[in-house]
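Source file input-v5.cif; content: mmCIF, C-alpha atoms.
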```cif
data_protein
loop_
_atom_site.label_atom_id
_atom_site.label_comp_id
_atom_site.auth_asym_id
_atom_site.auth_seq_id
_atom_site.Cartn_x
_atom_site.Cartn_y
_atom_site.Cartn_z
CA MET T 1 11.66 -62.04 -73.76
CA ALA T 2 8.34 -60.34 -74.26
CA TYR T 3 7.49 -58.71 -77.54
CA GLU T 4 4.26 -56.91 -76.67
CA TRP T 5 3.70 -54.79 -73.55
CA THR T 6 0.31 -53.21 -74.31
CA HIS T 7 -1.12 -55.04 -71.30
CA PRO T 8 1.09 -56.52 -68.57
CA PRO T 9 0.84 -60.33 -68.24
CA LEU T 10 -1.17 -60.28 -65.01
CA ALA T 11 -3.67 -57.88 -66.58
CA LYS T 12 -4.14 -60.29 -69.48
CA TYR T 13 -4.93 -63.12 -67.06
CA GLY T 14 -7.51 -60.87 -65.40
CA MET T 15 -9.07 -60.06 -68.77
CA VAL T 16 -9.22 -63.74 -69.74
CA THR T 17 -10.83 -64.68 -66.42
CA GLY T 18 -13.49 -62.01 -66.89
CA MET T 19 -14.15 -63.13 -70.46
CA LEU T 20 -14.48 -66.77 -69.40
CA LEU T 21 -17.05 -65.78 -66.78
CA PHE T 22 -19.04 -63.11 -68.65
CA GLY T 23 -18.21 -63.45 -72.35
CA GLU T 24 -16.49 -60.97 -74.60
CA ASN T 25 -17.79 -57.56 -73.58
CA SER T 26 -16.39 -54.40 -72.01
CA PHE T 27 -17.51 -55.38 -68.50
CA ALA T 28 -15.57 -58.64 -68.70
CA TRP T 29 -12.47 -56.89 -70.06
CA ARG T 30 -12.39 -54.48 -67.12
CA LEU T 31 -13.40 -56.88 -64.35
CA GLY T 32 -9.88 -58.21 -63.71
CA SER T 33 -8.42 -54.73 -63.35
CA ALA T 34 -11.20 -53.71 -60.97
CA VAL T 35 -10.66 -56.79 -58.80
CA MET T 36 -6.90 -56.18 -58.71
CA GLY T 37 -7.47 -52.53 -57.83
CA VAL T 38 -9.68 -53.44 -54.87
CA ALA T 39 -7.20 -56.12 -53.80
CA SER T 40 -4.35 -53.59 -53.85
CA ILE T 41 -6.31 -51.24 -51.58
CA LEU T 42 -7.01 -54.10 -49.17
CA GLY T 43 -3.35 -55.13 -49.32
CA LEU T 44 -2.22 -51.60 -48.52
CA TYR T 45 -4.65 -51.43 -45.60
CA LEU T 46 -3.30 -54.69 -44.17
CA LEU T 47 0.32 -53.63 -44.70
CA VAL T 48 -0.13 -50.26 -42.99
CA LEU T 49 -2.11 -51.89 -40.18
CA SER T 50 0.67 -54.41 -39.55
CA LEU T 51 3.33 -51.69 -39.60
CA THR T 52 1.59 -49.08 -37.45
CA LYS T 53 -0.94 -51.13 -35.41
CA GLN T 54 -3.33 -48.17 -35.80
CA GLU T 55 -6.54 -48.78 -37.69
CA SER T 56 -7.18 -45.09 -38.27
CA ILE T 57 -3.89 -44.65 -40.14
CA ALA T 58 -4.50 -47.81 -42.16
CA LEU T 59 -7.99 -46.60 -43.11
CA LEU T 60 -6.61 -43.20 -44.06
CA ALA T 61 -3.95 -44.78 -46.28
CA ALA T 62 -6.52 -47.01 -47.98
CA PHE T 63 -8.87 -44.07 -48.50
CA LEU T 64 -6.17 -41.86 -49.97
CA VAL T 65 -5.12 -44.53 -52.44
CA SER T 66 -8.74 -45.23 -53.38
CA ILE T 67 -9.32 -41.61 -54.45
CA GLU T 68 -5.91 -41.11 -56.07
CA GLY T 69 -6.28 -40.39 -59.78
CA LEU T 70 -3.69 -42.82 -61.13
CA HIS T 71 -5.14 -45.68 -59.11
CA ILE T 72 -8.63 -45.01 -60.44
CA ALA T 73 -7.54 -44.65 -64.05
#
```

Output the file's structure as structure tokens, nothing else.
Amino acid sequence: MAYEWTHPPLAKYGMVTGMLLFGENSFAWRLGSAVMGVASILGLYLLVLSLTKQESIALLAAFLVSIEGLHIA
């Protein structure tokens, strides 16, 4: 049972990886989240492409997620 949910566990692993690579600074703290955000856009693109077999729809879905406010923040 978790006792602290300020950052989800996967986000903490991303922060630690960034800090191991670049030290303790704000860039390193945010690097893991940025990588996971880009990976989620790529994952959505591949999912939509496999479901629809249309690259234009997959690109549109990836673009819309990439500019969506909650995904950026």

With distances taken over all atoms listed in the file, which residue among T:Ala39, T:Leu46, T:Ala73, T:Gly32 lies nearest Leu20 of chain T?
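The closest residue to Leu20 of chain T is T:Gly32.
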
Find the residues around Ala58 of chain T up to 8 Å (all atoms listed in the file counted), leave out those fewer than 3 positions away in its own chain, and share them as a ChimeraX atom specification.
/T:44-49,52,54-55,61-62

Can you work out the spacing between atom CA of Trp29 of chain T and atom CA of Ile72 of chain T in Å, to one decimal?
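Separation of atom CA of Trp29 of chain T and atom CA of Ile72 of chain T: 15.8 Å.
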
Å distance separating atom CA of Gly37 of chain T from atom CA of Ser66 of chain T, one decimal place
8.6 Å

Separation of atom CA of Val65 of chain T and atom CA of Val35 of chain T, in Å?
14.9 Å

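Distance annotation: of T:Val16, T:Ile41, T:Met36, T:Leu21, the residue with the minimal separation from Leu60 of chain T is T:Ile41; atom set is only C-alpha atoms.
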
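When the PyMOL selection byres ((chain T and resi 17) around 12) is evaluated against the file, it yields T:Leu10, T:Ala11, T:Lys12, T:Tyr13, T:Gly14, T:Met15, T:Val16, T:Gly18, T:Met19, T:Leu20, T:Leu21, T:Phe22, T:Gly23, T:Glu24, T:Phe27, T:Ala28, T:Trp29, T:Arg30, T:Leu31, T:Gly32, T:Ser33, T:Val35.
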
Dump of segment 56-71 of chain T from preceding block, N, CA and C atoms, as a compact mmCIF listing (two decimals), in the first residue's frame:
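Output file decode_18.txt is given in full below:
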```txt
# COMPACT_ATOMS: atom_id res chain seq x y z
N SER T 56 -2.88 8.95 -42.47
CA SER T 56 -3.36 10.31 -42.24
C SER T 56 -4.17 10.41 -40.95
N ILE T 57 -4.97 9.42 -40.65
CA ILE T 57 -5.75 9.44 -39.40
C ILE T 57 -4.83 9.26 -38.21
N ALA T 58 -3.83 8.40 -38.33
CA ALA T 58 -2.87 8.19 -37.24
C ALA T 58 -2.08 9.46 -36.97
N LEU T 59 -1.66 10.16 -38.02
CA LEU T 59 -0.94 11.42 -37.85
C LEU T 59 -1.83 12.49 -37.22
N LEU T 60 -3.09 12.53 -37.63
CA LEU T 60 -4.02 13.49 -37.05
C LEU T 60 -4.22 13.21 -35.56
N ALA T 61 -4.39 11.96 -35.19
CA ALA T 61 -4.56 11.61 -33.78
C ALA T 61 -3.33 12.00 -32.97
N ALA T 62 -2.15 11.71 -33.49
CA ALA T 62 -0.92 12.06 -32.78
C ALA T 62 -0.77 13.57 -32.66
N PHE T 63 -1.11 14.29 -33.72
CA PHE T 63 -1.02 15.75 -33.67
C PHE T 63 -1.98 16.33 -32.65
N LEU T 64 -3.22 15.84 -32.64
CA LEU T 64 -4.21 16.38 -31.71
C LEU T 64 -3.81 16.12 -30.26
N VAL T 65 -3.25 14.97 -29.98
CA VAL T 65 -2.80 14.70 -28.61
C VAL T 65 -1.60 15.58 -28.28
N SER T 66 -0.73 15.82 -29.24
CA SER T 66 0.48 16.60 -28.96
C SER T 66 0.18 18.06 -28.65
N ILE T 67 -0.94 18.59 -29.11
CA ILE T 67 -1.29 19.98 -28.80
C ILE T 67 -2.35 20.09 -27.72
N GLU T 68 -2.81 18.99 -27.20
CA GLU T 68 -3.84 19.00 -26.16
C GLU T 68 -3.25 19.50 -24.85
N GLY T 69 -3.94 20.40 -24.19
CA GLY T 69 -3.41 21.09 -23.02
C GLY T 69 -3.01 20.19 -21.87
N LEU T 70 -3.81 19.19 -21.54
CA LEU T 70 -3.48 18.31 -20.42
C LEU T 70 -2.27 17.44 -20.72
N HIS T 71 -2.06 17.10 -21.97
CA HIS T 71 -0.89 16.29 -22.32
C HIS T 71 0.38 17.12 -22.24
```
